[in-house]
$ cat upload01.txt   # compact mmCIF, C-alpha atoms
# COMPACT_ATOMS: atom_id res chain seq x y z
CA MET P 49 18.01 7.93 39.46
CA SER P 50 16.25 5.61 37.15
CA THR P 51 17.57 6.92 33.87
CA SER P 52 19.11 4.54 31.44
CA VAL P 53 22.24 5.74 29.74
CA PRO P 54 23.11 3.68 26.70
CA GLN P 55 26.59 2.26 26.70
CA ARG P 56 29.09 3.73 24.30
CA SER P 57 29.42 0.54 22.35
CA ASP P 58 25.75 0.03 21.68
CA VAL P 59 25.34 3.69 20.86
CA SER P 60 27.86 3.52 18.07
CA SER P 61 26.55 0.22 16.81
CA ALA P 62 23.01 1.57 16.72
CA ILE P 63 23.92 4.45 14.43
CA THR P 64 21.89 3.92 11.37
CA ARG P 65 21.31 6.06 8.36
CA GLN P 66 17.64 5.16 8.18
CA PRO P 67 15.41 8.15 8.72
CA GLU P 68 12.80 6.13 10.58
CA GLY P 69 15.26 4.37 12.85
CA ALA P 70 16.13 5.35 16.36
CA GLY P 71 19.38 6.89 15.11
CA PRO P 72 22.13 7.04 17.69
CA PHE P 73 19.74 5.93 20.39
CA SER P 74 19.43 2.25 21.06
CA ARG P 75 15.67 2.63 21.24
CA LEU P 76 13.04 5.32 21.51
CA PRO P 77 11.91 6.80 23.83
CA ALA P 78 15.33 7.22 25.41
CA SER P 79 16.36 9.08 28.51
CA LEU P 80 19.93 10.37 28.58
CA SER P 81 22.26 12.11 30.97
CA PRO P 82 25.32 14.11 29.98
CA GLU P 83 28.79 12.63 29.97
CA LEU P 84 31.24 13.33 32.75
CA SER P 85 33.45 15.24 30.34
CA LEU P 86 30.83 17.97 30.30
CA LEU P 87 31.54 18.56 33.99
CA HIS P 88 35.24 18.79 33.16
CA TYR P 89 34.44 21.35 30.54
CA TYR P 90 32.30 23.31 32.98
CA ALA P 91 35.15 23.27 35.49
CA LEU P 92 37.65 24.47 32.90
CA SER P 93 35.43 27.25 31.65
CA SER P 94 34.67 28.33 35.23
CA LEU P 95 38.39 28.63 35.90
CA LEU P 96 38.50 31.38 33.30
CA LEU P 97 36.67 33.59 35.78
CA GLY P 98 39.61 33.44 38.13
CA PRO P 99 38.82 33.97 41.80
CA ALA P 100 35.07 33.99 41.19
CA PHE P 101 35.12 30.53 39.67
CA LEU P 102 33.11 28.92 42.49
CA PHE P 103 30.16 31.18 41.76
CA ALA P 104 30.13 29.87 38.22
CA LEU P 105 31.00 26.28 39.02
CA VAL P 106 28.33 25.55 41.64
CA PRO P 107 25.31 26.33 39.45
CA ARG P 108 26.94 24.54 36.55
CA PHE P 109 27.60 21.52 38.71
CA PHE P 110 23.92 21.29 39.62
CA ARG P 111 22.98 21.93 36.03
CA PHE P 112 25.16 19.00 35.09
CA ARG P 113 23.74 16.76 37.83
CA THR P 114 20.11 17.50 37.00
CA MET P 115 20.37 17.61 33.22
CA ARG P 116 18.20 15.02 31.49
CA TYR P 117 17.27 14.52 27.88
CA GLU P 118 14.13 12.68 26.85
CA VAL P 119 14.10 11.66 23.21
CA ASP P 120 10.99 10.14 21.73
CA ASP P 121 9.29 9.74 18.38
CA GLU P 122 7.79 13.21 18.37
CA GLY P 123 10.48 15.42 19.76
CA ILE P 124 13.12 16.06 22.34
CA THR P 125 12.78 17.38 25.88
CA MET P 126 15.57 18.73 28.01
CA ARG P 127 15.21 19.56 31.67
CA TRP P 128 17.56 20.80 34.33
CA GLY P 129 17.64 22.82 37.48
CA LEU P 130 17.60 22.20 41.19
CA LEU P 131 15.88 25.23 42.67
CA PHE P 132 14.73 26.84 39.46
CA ARG P 133 13.69 24.09 37.16
CA ARG P 134 13.48 24.45 33.46
CA GLU P 135 12.17 22.18 30.80
CA ILE P 136 12.33 22.73 27.06
CA SER P 137 10.47 20.54 24.61
CA LEU P 138 10.33 20.81 20.90
CA THR P 139 9.04 18.64 18.13
CA TYR P 140 11.29 17.56 15.29
CA ALA P 141 8.99 18.98 12.64
CA ARG P 142 9.37 22.51 14.02
CA ILE P 143 13.14 22.57 13.86
CA GLN P 144 14.35 25.38 11.63
CA ASP P 145 18.06 24.86 11.62
CA ILE P 146 20.63 22.87 13.49
CA HIS P 147 24.09 24.07 14.40
CA LEU P 148 26.83 21.82 15.55
CA SER P 149 29.43 23.92 17.30
CA SER P 150 32.48 23.25 19.34
CA ASN P 151 35.46 25.20 20.50
CA PHE P 152 38.84 23.60 20.65
CA VAL P 153 38.63 22.80 24.37
CA GLU P 154 35.42 20.93 23.76
CA ARG P 155 36.99 19.09 20.87
CA TRP P 156 39.85 17.98 23.10
CA LEU P 157 37.28 16.64 25.55
CA GLY P 158 35.28 14.99 22.79
CA LEU P 159 32.29 17.26 23.23
CA ALA P 160 30.16 19.36 20.94
CA ARG P 161 27.06 21.47 21.28
CA ILE P 162 24.02 20.94 19.09
CA GLN P 163 22.09 24.18 18.92
CA VAL P 164 18.56 23.67 17.70
CA GLN P 165 16.48 26.58 16.45
CA THR P 166 12.76 26.86 15.96
CA ALA P 167 11.00 29.83 14.39
CA SER P 168 10.59 31.69 17.67
CA GLY P 169 12.21 35.05 18.12
CA SER P 170 14.85 34.46 20.72
CA ALA P 171 18.41 35.45 20.00
CA LYS P 172 19.91 32.38 21.61
CA ALA P 173 19.37 28.85 20.46
CA GLU P 174 16.08 27.43 21.69
CA LEU P 175 17.67 24.20 22.76
CA THR P 176 21.34 23.49 23.25
CA ILE P 177 22.14 19.83 23.56
CA GLU P 178 25.47 19.48 25.26
CA GLY P 179 27.42 16.75 26.92
CA LEU P 180 26.09 13.85 24.88
CA PRO P 181 28.55 11.59 23.10
CA HIS P 182 28.42 11.17 19.33
CA ALA P 183 27.09 14.65 18.78
CA PRO P 184 27.38 14.43 14.97
CA ALA P 185 25.26 11.26 15.00
CA ILE P 186 22.61 12.94 17.14
CA ARG P 187 22.72 15.92 14.83
CA ASP P 188 22.18 13.61 11.85
CA PHE P 189 19.29 11.97 13.68
CA LEU P 190 17.63 15.34 14.35
CA TYR P 191 18.28 16.36 10.77
CA SER P 192 16.67 13.21 9.40
CA ARG P 193 13.57 13.92 11.48
CA MET P 194 13.32 17.57 10.60
CA ARG P 195 11.06 18.97 7.98
CA GLY P 196 12.23 18.87 4.40
CA ALA P 197 14.98 16.34 5.02
CA ARG P 198 13.00 13.57 3.37
CA ASP P 199 10.94 13.18 0.24
CA LEU P 200 7.35 14.26 0.47
CA HIS P 201 6.34 10.81 -0.73
CA ALA P 202 8.56 9.07 1.77
CA ALA P 203 7.04 11.22 4.50
CA ALA P 204 3.62 9.75 3.74
CA GLY P 205 4.78 6.55 5.28
CA PRO P 206 2.79 3.49 6.29
CA ASP P 207 2.13 4.83 9.76
CA GLY P 208 1.78 8.48 8.78
CA ALA P 209 -1.32 10.60 8.87
CA THR P 210 -1.62 10.45 5.10
CA SER P 211 -2.40 6.75 4.91
CA LEU P 212 -5.10 7.26 7.53
CA GLY P 213 -6.37 10.18 5.49
CA GLU P 214 -6.44 8.07 2.32
CA HIS P 215 -8.37 5.34 4.09
CA ALA P 216 -10.91 7.81 5.40
CA LEU P 217 -11.07 9.42 2.00
CA ALA P 218 -12.03 6.08 0.41
CA GLU P 219 -14.74 5.55 3.01
CA LEU P 220 -15.99 9.08 2.49
CA THR P 221 -16.26 8.53 -1.24
CA GLU P 222 -18.15 5.28 -0.68
CA THR P 223 -20.53 6.95 1.78
CA LEU P 224 -21.24 9.77 -0.61
CA ARG P 225 -22.02 7.26 -3.39
CA GLU P 226 -24.48 5.53 -1.09
CA VAL P 227 -26.11 8.87 -0.27
CA ALA P 228 -26.47 9.52 -3.98
CA ALA P 229 -28.02 6.06 -4.46
CA GLU P 230 -30.50 6.65 -1.64
CA ILE P 231 -31.56 9.99 -3.06
CA ARG P 232 -31.90 8.50 -6.54
CA GLY P 233 -34.18 5.87 -5.09
CA LEU P 234 -36.13 8.61 -3.36
CA ARG P 235 -36.57 10.51 -6.60
CA GLU P 236 -37.79 7.39 -8.34
CA ALA P 237 -40.28 6.77 -5.50
CA LEU P 238 -41.70 10.29 -5.56
CA PRO P 239 -43.71 10.40 -8.85
CA ALA P 240 -45.49 7.18 -7.86
CA ARG P 241 -46.70 8.82 -4.66
CA GLU P 242 -47.81 12.03 -6.37
CA GLU P 243 -49.93 10.19 -8.90
CA ALA P 244 -51.49 7.93 -6.31
CA PRO P 245 -53.98 10.33 -4.50
CA HIS P 246 -55.46 11.72 -7.70
CA GLY P 247 -55.42 8.41 -9.57
CA MET K 75 57.75 25.90 7.14
CA ALA K 76 54.32 27.44 6.69
CA GLU K 77 52.95 23.99 5.95
CA ARG K 78 54.36 22.58 9.19
CA ILE K 79 52.99 25.44 11.29
CA ARG K 80 49.65 24.90 9.65
CA ALA K 81 49.67 21.17 10.36
CA VAL K 82 50.67 21.72 13.99
CA LEU K 83 47.99 24.34 14.48
CA LEU K 84 45.33 22.12 12.98
CA LYS K 85 46.41 19.29 15.24
CA ILE K 86 46.42 21.46 18.36
CA LEU K 87 43.05 22.93 17.52
CA ARG K 88 41.71 19.50 16.52
CA VAL K 89 40.03 20.86 13.47
CA PRO K 90 38.36 18.00 11.63
CA GLY K 91 38.65 17.68 7.87
CA ALA K 92 35.97 18.25 5.29
CA PRO K 93 32.42 17.97 6.67
CA ASP K 94 30.11 15.07 5.83
CA PRO K 95 27.18 15.93 3.61
CA PRO K 96 23.79 15.87 5.36
CA SER K 97 22.77 12.26 5.85
CA GLY K 98 20.74 10.70 3.08
CA SER K 99 21.39 13.47 0.61
CA ARG K 100 22.17 13.19 -3.06
CA GLN K 101 23.76 15.49 -5.63
CA VAL K 102 26.06 17.17 -3.15
CA ARG K 103 27.88 20.19 -4.51
CA ILE K 104 30.76 21.66 -2.56
CA PHE K 105 31.62 25.32 -2.79
CA ARG K 106 34.67 26.91 -1.26
CA ALA K 107 35.61 30.48 -0.53
CA ALA K 108 37.33 32.03 -3.52
CA PRO K 109 41.07 32.85 -3.30
CA ASN K 110 40.14 36.51 -3.54
CA TYR K 111 38.23 36.14 -0.28
CA TYR K 112 41.61 35.55 1.35
CA ARG K 113 42.96 38.74 -0.23
CA TYR K 114 39.84 40.55 0.93
CA ARG K 115 40.24 39.40 4.52
CA LEU K 116 43.95 40.06 4.37
CA SER K 117 43.42 43.64 3.30
CA LEU K 118 40.90 44.17 6.11
CA TRP K 119 43.37 42.62 8.51
CA LEU K 120 46.15 44.91 7.24
CA VAL K 121 43.96 47.97 7.66
CA ALA K 122 43.17 46.93 11.24
CA GLN K 123 46.84 46.26 12.02
CA ILE K 124 47.94 49.56 10.52
CA GLY K 125 45.27 51.29 12.58
CA ALA K 126 46.53 49.60 15.74
CA LEU K 127 50.11 50.51 14.83
CA ALA K 128 49.13 54.12 14.27
CA GLY K 129 47.49 54.17 17.70
CA LEU K 130 50.60 52.74 19.30
CA VAL K 131 52.89 55.24 17.56
CA PHE K 132 50.59 58.07 18.59
CA GLY K 133 50.65 56.87 22.20
CA PHE K 134 54.43 56.54 22.08
CA LEU K 135 54.81 60.08 20.74
CA ALA K 136 52.38 61.39 23.33
CA ILE K 137 54.34 59.82 26.13
CA THR K 138 57.79 60.82 24.93
CA ARG K 139 56.93 64.33 23.80
CA VAL K 140 54.17 65.54 26.08
CA PHE K 141 54.90 63.78 29.32
CA ALA K 142 58.68 64.03 28.98
CA ASP K 143 58.80 67.47 30.59
CA VAL K 144 56.08 66.90 33.14
CA GLU K 145 56.91 64.94 36.28
CA ILE K 146 54.08 62.52 37.00
CA VAL K 147 53.96 60.25 39.99
CA GLY K 148 53.19 56.98 38.17
CA ALA K 149 55.38 57.56 35.15
CA TRP K 150 56.84 54.07 35.33
CA ILE K 151 53.34 52.54 35.14
CA VAL K 152 52.78 54.40 31.89
CA GLN K 153 56.09 53.04 30.63
CA ILE K 154 55.12 49.45 31.49
CA VAL K 155 51.72 49.81 29.84
CA GLU K 156 53.44 51.19 26.77
CA ILE K 157 55.89 48.30 26.57
CA GLY K 158 53.10 45.80 27.22
CA ALA K 159 50.98 47.22 24.44
CA TRP K 160 53.83 46.92 21.97
CA ALA K 161 54.58 43.37 23.08
CA VAL K 162 50.95 42.31 22.67
CA PHE K 163 50.85 43.90 19.25
CA VAL K 164 53.96 42.07 18.06
CA ALA K 165 52.88 38.76 19.62
CA GLN K 166 49.40 38.75 18.11
CA LEU K 167 50.68 39.37 14.59
CA PRO K 168 51.63 35.76 13.68
CA PHE K 169 48.63 34.27 15.50
CA SER K 170 46.00 36.51 14.01
CA TYR K 171 47.56 36.03 10.61
CA ALA K 172 47.59 32.24 10.99
CA LEU K 173 43.96 32.25 12.15
CA LEU K 174 43.04 34.44 9.21
CA ARG K 175 44.67 32.02 6.82
CA LEU K 176 43.10 28.96 8.50
CA ASP K 177 39.68 30.58 8.62
CA PHE K 178 39.92 31.01 4.87
CA GLU K 179 41.00 27.43 4.32
CA MET K 180 38.51 25.84 6.72
CA ARG K 181 35.38 26.88 4.91
CA TRP K 182 33.01 24.48 3.24
CA TYR K 183 29.68 25.27 1.72
CA LEU K 184 27.66 22.19 0.84
CA LEU K 185 24.51 22.17 -1.21
CA SER K 186 22.65 18.88 -1.37
CA ASP K 187 19.33 18.08 -2.97
CA ARG K 188 17.35 19.12 0.08
CA SER K 189 19.54 20.95 2.51
CA LEU K 190 22.55 23.15 2.83
CA ARG K 191 25.40 22.83 5.25
CA ILE K 192 28.02 25.40 6.10
CA ARG K 193 31.15 24.60 8.02
CA GLU K 194 33.29 27.45 9.23
CA GLY K 195 35.66 28.42 11.96
CA THR K 196 38.83 27.05 13.46
CA VAL K 197 39.13 27.79 17.19
CA SER K 198 35.39 27.80 17.49
CA LEU K 199 33.87 25.58 14.89
CA ARG K 200 30.33 25.79 13.62
CA GLU K 201 28.44 23.55 11.27
CA LYS K 202 25.03 24.85 10.23
CA THR K 203 22.44 22.67 8.59
CA MET K 204 19.25 24.03 7.12
CA THR K 205 16.72 22.34 4.88
CA TYR K 206 15.45 24.25 1.86
CA ALA K 207 11.93 23.71 3.18
CA ASN K 208 12.70 26.21 5.93
CA VAL K 209 14.55 28.84 3.90
CA GLN K 210 12.77 32.18 4.00
CA GLN K 211 15.07 34.58 2.24
CA ILE K 212 18.24 34.68 0.18
CA THR K 213 20.33 37.84 0.00
CA VAL K 214 23.46 38.45 -2.02
CA ARG K 215 25.67 41.17 -0.62
CA GLN K 216 28.70 42.84 -2.12
CA ASN K 217 30.60 45.91 -1.04
CA PRO K 218 32.83 47.92 -3.42
CA LEU K 219 35.98 46.10 -2.38
CA GLN K 220 34.32 42.72 -2.80
CA ARG K 221 33.01 43.87 -6.16
CA PHE K 222 36.53 44.82 -7.23
CA LEU K 223 37.73 41.36 -6.21
CA GLY K 224 34.78 39.61 -7.84
CA ILE K 225 33.43 37.94 -4.72
CA ALA K 226 30.18 38.23 -2.80
CA ASP K 227 28.43 36.97 0.32
CA VAL K 228 25.25 34.93 0.04
CA GLN K 229 23.05 35.12 3.12
CA VAL K 230 20.33 32.54 3.66
CA ARG K 231 17.74 33.13 6.35
CA SER K 232 15.23 30.87 8.01
CA ALA K 233 12.24 32.01 10.01
CA GLY K 234 12.68 33.38 13.51
CA GLY K 235 13.86 36.69 14.75
CA GLY K 236 16.21 37.59 17.50
CA GLY K 237 19.35 39.61 17.43
CA SER K 238 22.79 38.21 17.19
CA GLU K 239 24.46 35.86 19.53
CA PRO K 240 27.40 37.39 21.37
CA ASN K 241 30.46 36.62 19.35
CA LYS K 242 32.59 33.88 20.83
CA GLY K 243 35.93 33.19 19.24
CA GLY K 244 35.34 32.46 15.58
CA GLY K 245 32.39 33.41 13.47
CA HIS K 246 31.44 36.92 12.64
CA VAL K 247 30.07 39.63 14.86
CA GLY K 248 26.36 40.20 14.50
CA GLU K 249 25.46 36.89 12.92
CA SER K 250 22.07 35.67 14.02
CA MET K 251 21.35 32.03 14.77
CA HIS K 252 18.82 31.96 11.98
CA GLU K 253 21.12 32.78 9.14
CA ALA K 254 23.83 31.07 7.19
CA TRP K 255 26.45 32.90 5.19
CA PHE K 256 28.29 31.69 2.14
CA ARG K 257 31.14 34.11 2.59
CA GLY K 258 33.48 35.14 -0.18
CA VAL K 259 32.15 33.00 -3.00
CA ASP K 260 32.90 33.91 -6.59
CA ASP K 261 29.75 32.30 -8.01
CA PRO K 262 26.95 33.79 -5.88
CA GLU K 263 24.41 33.56 -8.69
CA GLU K 264 24.92 29.84 -8.97
CA ILE K 265 24.34 29.30 -5.26
CA ARG K 266 21.39 31.65 -5.20
CA THR K 267 19.76 29.99 -8.20
CA ALA K 268 20.35 26.50 -6.86
CA ILE K 269 18.76 27.31 -3.50
CA ARG K 270 15.89 29.23 -5.05
CA GLU K 271 15.10 26.35 -7.38
CA ARG K 272 14.68 24.05 -4.41
CA VAL K 273 12.81 26.54 -2.24
CA ARG K 274 10.29 27.06 -5.02
CA GLN K 275 9.23 23.43 -4.77
CA HIS K 276 7.92 23.98 -1.27
CA ARG K 277 4.61 25.77 -1.32
CA ASP K 278 4.05 26.25 2.38
CA ALA K 279 5.37 28.98 4.61
CA GLY K 280 8.33 27.05 5.92
CA LEU K 281 7.37 27.46 9.54
CA GLY K 282 7.72 23.90 10.60
CA ASP K 283 4.46 22.51 9.27
CA PRO K 284 4.66 18.76 9.06
CA ASP K 285 5.52 17.40 5.63
CA GLU K 286 2.21 15.57 5.38
CA ALA K 287 0.07 18.68 5.82
CA ILE K 288 -0.54 19.20 2.11
CA ARG K 289 -1.31 15.64 1.13
CA ALA K 290 -3.45 14.54 4.08
CA LEU K 291 -7.08 15.56 3.95
CA PRO K 292 -7.48 17.27 7.29
CA LEU K 293 -11.25 16.84 7.59
CA ALA K 294 -11.52 13.40 6.06
CA ASP K 295 -11.28 11.37 9.21
CA GLY K 296 -13.23 13.87 11.29
CA ASP K 297 -16.21 16.07 10.72
CA LEU K 298 -16.58 15.62 6.99
CA LEU K 299 -16.89 11.86 7.13
CA SER K 300 -19.36 11.84 10.01
CA ALA K 301 -21.40 14.51 8.24
CA ALA K 302 -21.53 12.32 5.14
CA ARG K 303 -22.63 9.33 7.25
CA GLU K 304 -25.35 11.39 8.86
CA LEU K 305 -26.52 12.53 5.46
CA ARG K 306 -26.65 8.94 4.25
CA GLU K 307 -28.77 7.85 7.23
CA GLU K 308 -31.07 10.80 6.74
CA ALA K 309 -31.48 10.00 3.05
CA ARG K 310 -32.25 6.37 3.91
CA HIS K 311 -34.91 7.31 6.44
CA LEU K 312 -36.44 9.79 4.05
CA ARG K 313 -36.65 7.21 1.26
CA SER K 314 -38.24 4.58 3.46
CA THR K 315 -40.76 7.14 4.74
CA VAL K 316 -41.59 8.24 1.23
CA ALA K 317 -41.81 4.62 0.14
CA PHE K 318 -44.18 3.88 3.04
CA LEU K 319 -46.32 6.96 2.31
CA SER K 320 -46.58 6.22 -1.38
CA GLY K 321 -47.35 2.60 -0.57
CA ALA K 322 -50.14 3.64 1.88
CA GLY K 323 -51.60 6.18 -0.53
CA ARG K 324 -52.04 3.70 -3.32
$ encode --input "upload01.txt" --output "structure tokens"
Amino acid sequence: MSTSVPQRSDVSSAITRQPEGAGPFSRLPASLSPELSLLHYYALSSLLLGPAFLFALVPRFFRFRTMRYEVDDEGITMRWGLLFRREISLTYARIQDIHLSSNFVERWLGLARIQVQTASGSAKAELTIEGLPHAPAIRDFLYSRMRGARDLHAAAGPDGATSLGEHALAELTETLREVAAEIRGLREALPAREEAPHG
Amino acid sequence: MAERIRAVLLKILRVPGAPDPPSGSRQVRIFRAAPNYYRYRLSLWLVAQIGALAGLVFGFLAITRVFADVEIVGAWIVQIVEIGAWAVFVAQLPFSYALLRLDFEMRWYLLSDRSLRIREGTVSLREKTMTYANVQQITVRQNPLQRFLGIADVQVRSAGGGGSEPNKGGGHVGESMHEAWFRGVDDPEEIRTAIRERVRQHRDAGLGDPDEAIRALPLADGDLLSAARELREEARHLRSTVAFLSGAGR
């Protein structure tokens, strides 16, 4: 598998508070796999089912083995599944609210779930990010990218759509002025032509 | 003694301390559940415990009075179930009380300049973050008992439907993923006003439109500009034609 998992050390060193930075990811786009402790958690929670624990553990094992997160500038994609594949993508701007939850077993294992909601009508979280280290830092990263977390003026950044819009707006204004100049010239030319045949 | 039990419980459950405010936020205000919220939960807890006790006593009377004369085959099973029920009842008393107390203490409601964050729960911990840009509705709820105690619940909703998530451990039954509750606060108006003030500054629907949507001119780099260019070319051609015609006519 050709996925690059950032090392723990460079993950923590790359945590920045800058909204435009790559956050807890060493660089974007990043492709991540869950930590091994997630498998431990799956095993523990499967044991709760008693004798039927294998039926719960096997699908969870393959879920763990196939789980991949793709994080880029626009949004986050999560995919898993061996026989029945599933892929969820969402863009940061559509995030409605972010929950960071953990039960005490997960806290002992150093895990937490980040449940991300969009405005769709499902009862469960649209995307549950689990098994990644530094969950609070990832949550902060998602938060900094979500709508309303930054100033409106800051959002119109140097590479944003607004600057492009302003540039086009200036050109549009210039073009319209030229159109006006052409038509003014036309108007000034017209009386001369009308007088000419009868003159 | 109570302090030590509390410390041990917090250590076993690995409950972290106060939550961090949302990154990059200013003017953070922290609200906590009012002391009366503890009394409120305690009275609900007492009612539930008394109800359970009444059920147990009723079962005990039923077994001793009614079934005493009748010979049933599995009488000893009934006895064991009876003893087990009493044991569970007695054993859960300190735990459910401790969790009740901790749940009251481990509540933080943070309001920053652009988002709110709610931290609640002990065994199962949940930290909700919502920006004001996405808030759809604010509801203040108060039942007669809460009114007597001078507390209220403030419910903040974002867009998106869906029923409630099945309750796991902490949290409250029937709480949807799209809502955040400021439970048991004694200044609901202050919270409501603060959130409303910020929500008012966002004029869009709060359905995840990008921040730039209002300021960027959507047509500027597309149709509108090319239409203007076309118009300019047309005007130029027209003028040169008119100029040629008037020149030829002279």
$ closest_residue --input "upload01.txt" --among "P:Leu80, P:Leu175, P:Ala183, P:Ile124" --to "Asp145 in chain P" --atoms "all atoms listed in the file"
P:Leu175
$ atom_distance --input "upload01.txt" --atom1 "CA of Ser85 in chain P" --atom2 "CA of Phe109 in chain P"
12.0 Å
$ atom_distance --input "upload01.txt" --atom1 "CA of Ala173 in chain P" --atom2 "CA of Thr125 in chain P"
14.3 Å
$ axis_aligned_box --input "upload01.txt" --around "range 226-240 of chain P" --padding-each-side "4 Å" --output "AutoDock Vina command-line options"
--center_x -35.0 --center_y 8.0 --center_z -4.6 --size_x 29.0 --size_y 13.0 --size_z 16.6
$ atom_distance --input "upload01.txt" --atom1 "CA of Leu116 in chain K" --atom2 "CA of Arg200 in chain K"
21.8 Å
$ closest_residue --input "upload01.txt" --among "K:Leu184, K:Ile269, K:Ala301, K:Leu176" --to "Leu87 in chain K" --atoms "only C-alpha atoms"
K:Leu176
$ residues_around --input "upload01.txt" --residues "range 152-155 of chain P" --least-positions-apart "5" --cutoff "12 Å" --atoms "all atoms listed in the file" --output "PyMOL selection string"
(chain P and resi 85-93+160-161+178-183) or (chain K and resi 83-90+195-200+243-244)
$ residues_around --input "upload01.txt" --residues "Arg221 in chain K" --least-positions-apart "6" --cutoff "12 Å" --atoms "all atoms listed in the file" --output "PyMOL selection string"
chain K and resi 110-111+114+214-215+227+258-260+262
$ write_last_selection --input "upload01.txt" --atoms "C-alpha atoms" --output "PDB file, in the coordinates of the input"
ATOM      1  CA  ASN K 110      40.140  36.510  -3.540  1.00  0.00           C
ATOM      2  CA  TYR K 111      38.230  36.140  -0.280  1.00  0.00           C
ATOM      3  CA  TYR K 114      39.840  40.550   0.930  1.00  0.00           C
ATOM      4  CA  VAL K 214      23.460  38.450  -2.020  1.00  0.00           C
ATOM      5  CA  ARG K 215      25.670  41.170  -0.620  1.00  0.00           C
ATOM      6  CA  ASP K 227      28.430  36.970   0.320  1.00  0.00           C
ATOM      7  CA  GLY K 258      33.480  35.140  -0.180  1.00  0.00           C
ATOM      8  CA  VAL K 259      32.150  33.000  -3.000  1.00  0.00           C
ATOM      9  CA  ASP K 260      32.900  33.910  -6.590  1.00  0.00           C
ATOM     10  CA  PRO K 262      26.950  33.790  -5.880  1.00  0.00           C
TER      11      PRO K 262
END
$ closest_residue --input "upload01.txt" --among "P:Val119, P:Ala141, P:Leu84, P:Ile146" --to "Pro184 in chain P" --atoms "only C-alpha atoms"
P:Ile146
$ residues_around --input "upload01.txt" --residues "Gly129 in chain P" --least-positions-apart "6" --cutoff "9 Å" --atoms "only C-alpha atoms" --output "CSV table (one decimal) with C-alpha atoms, keeping the file's coordinate frame"
chain,number,residue,atom,x,y,z
P,107,PRO,CA,25.3,26.3,39.4
P,110,PHE,CA,23.9,21.3,39.6
P,111,ARG,CA,23.0,21.9,36.0
P,112,PHE,CA,25.2,19.0,35.1
P,113,ARG,CA,23.7,16.8,37.8
P,114,THR,CA,20.1,17.5,37.0
P,115,MET,CA,20.4,17.6,33.2
P,135,GLU,CA,12.2,22.2,30.8
$ residues_around --input "upload01.txt" --residues "Ser186 in chain K" --least-positions-apart "4" --cutoff "10 Å" --atoms "all atoms listed in the file" --output "JSON, numbers by chain"
{"K": [95, 96, 97, 98, 99, 100, 101, 102, 103, 104, 190, 191, 205, 206, 268, 269, 272]}
$ closest_residue --input "upload01.txt" --among "P:Tyr117, P:Phe132, P:Phe101, P:His147" --to "Gln165 in chain P" --atoms "only C-alpha atoms"
P:His147
$ closest_residue --input "upload01.txt" --among "P:Ile162, P:Ile136, P:Ala229, P:Ala197" --to "chain K" --atoms "only C-alpha atoms"
P:Ala197
$ closest_residue --input "upload01.txt" --among "K:Arg231, K:Lys202, K:Arg188, K:His311" --to "Glu271 in chain K" --atoms "all atoms listed in the file"
K:Arg188
